[in-house]
Structures are given as C-alpha cells and as structure tokens.
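> Before we start, here is the structure in question, set down as structure tokens.
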Amino acid sequence: MDRLPKKERHQQLLKIIEDNPFITDQDLTRMLRVSIQTIRLDRMELGIPELRERLKLMAEQSYDQVRSLPIDEVIGDIVDLQLDRSGISILEIKQEHVFSRTKIARGHHLFAQANSLAVAVIDDEIALTASADIRFVRQVKLGEKCVAKAYVRSISGERHKAKVEVFSYVGDELVFQGHFIIFRSNTETGGGEGVEHEDSH
C-alpha cells in the first residue's frame, strides 16, 4: 500500500475537508490510508479543528438565526441557514436514536430532523407543518451522520404557505427525502407572493 508524501497528503486533506466539512477522522483514515493518529496530527499541524469544532464554527457563522422555533427544538445541529431560501443540519445517529437489536435508526428521528429544518428555514414567527410527503430511501445505522439539506421552493403570500424540499444524506448517499407544505402566519417578512427558488440539491 503506497503512502503519499506528507506534503501531498496535507494538500489532499485540506481539499477533502474543504469539499466536505462534515467528514469524520475515520473516513479520512480510509481515504488517505493512514492511521487515525496521523490524521489527528495532520489536522493539528494544519490548524484544522476536529469535526465537532468545525460544526460549531459553521453554526456560529450561519447567515441567519432561526425565527420560527427555539434553536434547541431543532433536531440536529444547524450549520447553515438562509431564511426563506435554504438550510443544512447534521444529526449524528446515537444509541438513543436506534432500535437496540438492529442498531438501525428509528424513522421518526430522520423525519423529525427534516421536518424541524423545514420549519426552521421559514422566515416567520409562526411556522407549522401542514402536510408532508416523505420517502425513506435506505436505512441509517448507529454512528452514521445524517446531513439534511432544505430548499424553499416557493412561497405563496395569498395562502400563507411555503413549499420546502428536504434531502438527507449519509456521505454522498441519499437516505431520506421529504416534500413539506409549511403554514406561515405572515409572509410580509419573507419573499412575498409567488416567489420561486430553484436551488439545486
């Protein structure tokens, strides 16, 4: 097994983390074929904080603050938020999220992450889920990190509703998707009637 020279490894490490800030040290060991200790030393030398710290920094640098519900009621950690446009949250699947026998995540946790993000991304004091069309694409297991990405597709001022799509991933693999209709109390603060956002997922 050939190992990269340290300088090249450092360059690759920087690029991988820039492309995917949610990557774990364990994933990096597999990709760069070195020990976990080497990855940690490399990160220290390059001044790259561990995953938990990176997520905390991203959350602090989020563009907007949640208006529709207290931040501690959002399931998962919000790491990016642009009200009435898009948002990202990350949920690490722990023991309390899984069935004890199979170590597979209970579906309602994935739904709760997606649903709370769909509500959180709405720029309104009151936002409630009116309906949800959801699909579980594959099982999520203990220790995996579920990254949910929400996109506000349209806002209807007349009907006080917004359409929000949420796609949840483990790595590059889609594991859950949901189409939510969110009722909002007042659209004056948002994009107004008929606004369409066509962000790609």
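How things are named: the first chain in the structure tokens is A, the next is B, and so on; residues count from 1 in each chain; ligands count from 1 in the order shown.
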Could you list, as a PDB file with C-alpha atoms, in the first residue's frame, every residue within 7 Å of segment 87-99 of chain A, counting only C-alpha atoms and ignoring same-chain residues fewer than 6 positions away?

```pdb
ATOM      1  CA  GLY A  76     -29.827  18.089  14.681  1.00  0.00           C
ATOM      2  CA  ASP A  77     -27.268  20.916  14.611  1.00  0.00           C
ATOM      3  CA  ILE A  78     -27.972  23.702  12.129  1.00  0.00           C
ATOM      4  CA  VAL A  79     -24.717  24.565  10.368  1.00  0.00           C
ATOM      5  CA  ASP A  80     -26.076  26.868   7.669  1.00  0.00           C
ATOM      6  CA  LEU A  81     -29.291  28.868   7.424  1.00  0.00           C
ATOM      7  CA  ALA A 105     -32.182   4.440  13.272  1.00  0.00           C
ATOM      8  CA  ARG A 106     -35.884   4.784  14.036  1.00  0.00           C
ATOM      9  CA  HIS A 109     -35.774  10.719  14.091  1.00  0.00           C
ATOM     10  CA  VAL A 121     -35.821  27.746   7.395  1.00  0.00           C
ATOM     11  CA  LYS A 141     -27.229   2.958  11.177  1.00  0.00           C
ATOM     12  CA  LEU A 142     -25.699   3.738  14.549  1.00  0.00           C
ATOM     13  CA  GLY A 143     -22.688   6.080  14.257  1.00  0.00           C
ATOM     14  CA  GLU A 144     -23.627   7.493  10.846  1.00  0.00           C
ATOM     15  CA  LYS A 145     -24.022  11.235  10.344  1.00  0.00           C
ATOM     16  CA  CYS A 146     -27.175  12.343   8.591  1.00  0.00           C
ATOM     17  CA  VAL A 147     -26.862  15.676   6.733  1.00  0.00           C
ATOM     18  CA  ALA A 148     -30.228  17.256   5.889  1.00  0.00           C
ATOM     19  CA  LYS A 149     -30.436  19.983   3.241  1.00  0.00           C
ATOM     20  CA  ALA A 150     -33.611  22.062   2.951  1.00  0.00           C
ATOM     21  CA  TYR A 151     -34.623  24.230  -0.003  1.00  0.00           C
TER      22      TYR A 151
END
```
> Taking only segment 17-195 of chain A into account, list the residues labelled strand (DSSP E) by DSSP (computed from the backbone), as a ChimeraX atom specification.
/A:77-82,86-92,127-136,145-156,161-170,173-184,195
> Would you mind exporting the chosen residues as a PDB file, in the first residue's frame, restricted to C-alpha atoms?

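Output file out.pdb follows:
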```pdb
ATOM      1  CA  ASP A  77     -27.268  20.916  14.611  1.00  0.00           C
ATOM      2  CA  ILE A  78     -27.972  23.702  12.129  1.00  0.00           C
ATOM      3  CA  VAL A  79     -24.717  24.565  10.368  1.00  0.00           C
ATOM      4  CA  ASP A  80     -26.076  26.868   7.669  1.00  0.00           C
ATOM      5  CA  LEU A  81     -29.291  28.868   7.424  1.00  0.00           C
ATOM      6  CA  GLN A  82     -30.550  31.382   4.877  1.00  0.00           C
ATOM      7  CA  SER A  86     -32.051  27.061   2.341  1.00  0.00           C
ATOM      8  CA  GLY A  87     -30.613  25.386   5.413  1.00  0.00           C
ATOM      9  CA  ILE A  88     -28.378  22.486   6.460  1.00  0.00           C
ATOM     10  CA  SER A  89     -28.440  20.452   9.663  1.00  0.00           C
ATOM     11  CA  ILE A  90     -26.446  17.443  10.802  1.00  0.00           C
ATOM     12  CA  LEU A  91     -27.618  14.645  13.103  1.00  0.00           C
ATOM     13  CA  GLU A  92     -25.246  12.039  14.484  1.00  0.00           C
ATOM     14  CA  ALA A 127     -44.488  28.212  11.037  1.00  0.00           C
ATOM     15  CA  LEU A 128     -46.296  24.863  11.218  1.00  0.00           C
ATOM     16  CA  THR A 129     -46.222  21.752   9.046  1.00  0.00           C
ATOM     17  CA  ALA A 130     -49.464  21.488   7.055  1.00  0.00           C
ATOM     18  CA  SER A 131     -48.546  18.301   5.173  1.00  0.00           C
ATOM     19  CA  ALA A 132     -45.575  16.080   4.391  1.00  0.00           C
ATOM     20  CA  ASP A 133     -44.844  13.614   1.606  1.00  0.00           C
ATOM     21  CA  ILE A 134     -41.827  11.573   2.702  1.00  0.00           C
ATOM     22  CA  ARG A 135     -39.708   8.693   1.454  1.00  0.00           C
ATOM     23  CA  PHE A 136     -37.125   6.629   3.330  1.00  0.00           C
ATOM     24  CA  LYS A 145     -24.022  11.235  10.344  1.00  0.00           C
ATOM     25  CA  CYS A 146     -27.175  12.343   8.591  1.00  0.00           C
ATOM     26  CA  VAL A 147     -26.862  15.676   6.733  1.00  0.00           C
ATOM     27  CA  ALA A 148     -30.228  17.256   5.889  1.00  0.00           C
ATOM     28  CA  LYS A 149     -30.436  19.983   3.241  1.00  0.00           C
ATOM     29  CA  ALA A 150     -33.611  22.062   2.951  1.00  0.00           C
ATOM     30  CA  TYR A 151     -34.623  24.230  -0.003  1.00  0.00           C
ATOM     31  CA  VAL A 152     -37.572  26.639  -0.018  1.00  0.00           C
ATOM     32  CA  ARG A 153     -39.106  26.066  -3.450  1.00  0.00           C
ATOM     33  CA  SER A 154     -41.979  28.544  -3.331  1.00  0.00           C
ATOM     34  CA  ILE A 155     -43.759  30.962  -1.028  1.00  0.00           C
ATOM     35  CA  SER A 156     -47.427  31.821  -1.509  1.00  0.00           C
ATOM     36  CA  LYS A 161     -47.914  28.555   2.713  1.00  0.00           C
ATOM     37  CA  ALA A 162     -44.406  27.631   1.660  1.00  0.00           C
ATOM     38  CA  LYS A 163     -43.163  24.527  -0.150  1.00  0.00           C
ATOM     39  CA  VAL A 164     -39.931  23.127   1.282  1.00  0.00           C
ATOM     40  CA  GLU A 165     -37.967  20.140  -0.018  1.00  0.00           C
ATOM     41  CA  VAL A 166     -35.535  18.316   2.252  1.00  0.00           C
ATOM     42  CA  PHE A 167     -32.905  15.800   1.158  1.00  0.00           C
ATOM     43  CA  SER A 168     -30.938  13.866   3.808  1.00  0.00           C
ATOM     44  CA  TYR A 169     -27.608  12.216   3.048  1.00  0.00           C
ATOM     45  CA  VAL A 170     -25.064   9.930   4.670  1.00  0.00           C
ATOM     46  CA  GLU A 173     -25.825   8.698  -0.483  1.00  0.00           C
ATOM     47  CA  LEU A 174     -29.425   9.919  -0.319  1.00  0.00           C
ATOM     48  CA  VAL A 175     -31.193   8.275   2.646  1.00  0.00           C
ATOM     49  CA  PHE A 176     -34.402  10.323   3.051  1.00  0.00           C
ATOM     50  CA  GLN A 177     -36.388  12.916   1.162  1.00  0.00           C
ATOM     51  CA  GLY A 178     -39.434  14.937   2.060  1.00  0.00           C
ATOM     52  CA  HIS A 179     -41.740  17.497   0.469  1.00  0.00           C
ATOM     53  CA  PHE A 180     -43.264  19.721   3.143  1.00  0.00           C
ATOM     54  CA  ILE A 181     -46.029  22.307   2.971  1.00  0.00           C
ATOM     55  CA  ILE A 182     -45.411  24.782   5.786  1.00  0.00           C
ATOM     56  CA  PHE A 183     -48.157  27.101   7.020  1.00  0.00           C
ATOM     57  CA  ARG A 184     -46.841  30.539   7.987  1.00  0.00           C
ATOM     58  CA  VAL A 195     -41.591  33.794  -5.024  1.00  0.00           C
TER      59      VAL A 195
END
```
> Write out as a PyMOL selection string all residues of chain A that backbone DSSP assigns to alpha helix (DSSP H).
chain A and resi 6-19+25-32+36-46+51-60+107-120
> Extract, using only C-alpha atoms, all DNA, RNA and protein residues at most 12 Å from Thr29 of chain A, discarding same-chain residues fewer than 3 positions from it, and format them as a PyMOL selection string.
chain A and resi 3+9+13+16+23-26+32-43
> Write out as a tab-separated table (two decimals) with N, CA, C and O atoms, in the first residue's frame the residues lying within 8 Å of Leu69 of chain A, counting only C-alpha atoms and excluding same-chain residues fewer than 6 positions away.

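Listing of around-v5.tsv after writing:
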```tsv
chain	number	residue	atom	x	y	z
A	119	VAL	N	-39.21	23.71	8.97
A	119	VAL	CA	-39.87	24.78	9.73
A	119	VAL	C	-38.88	25.89	10.06
A	119	VAL	O	-39.17	27.08	9.92
A	120	ALA	N	-37.65	25.49	10.46
A	120	ALA	CA	-36.64	26.47	10.88
A	120	ALA	C	-36.23	27.42	9.76
A	120	ALA	O	-35.87	28.58	10.01
A	125	GLU	N	-42.46	34.21	12.51
A	125	GLU	CA	-42.55	33.90	13.95
A	125	GLU	C	-43.29	32.59	14.18
A	125	GLU	O	-43.01	31.87	15.13
A	126	ILE	N	-44.28	32.30	13.34
A	126	ILE	CA	-45.05	31.06	13.49
A	126	ILE	C	-45.01	30.30	12.17
A	126	ILE	O	-45.38	30.83	11.12
```
> Please determine, counting only C-alpha atoms, which residue among A:Glu45, A:Glu73, A:Asp123, A:Asp19 has the shortest atom-to-atom distance to Lys7 of chain A.
A:Glu45
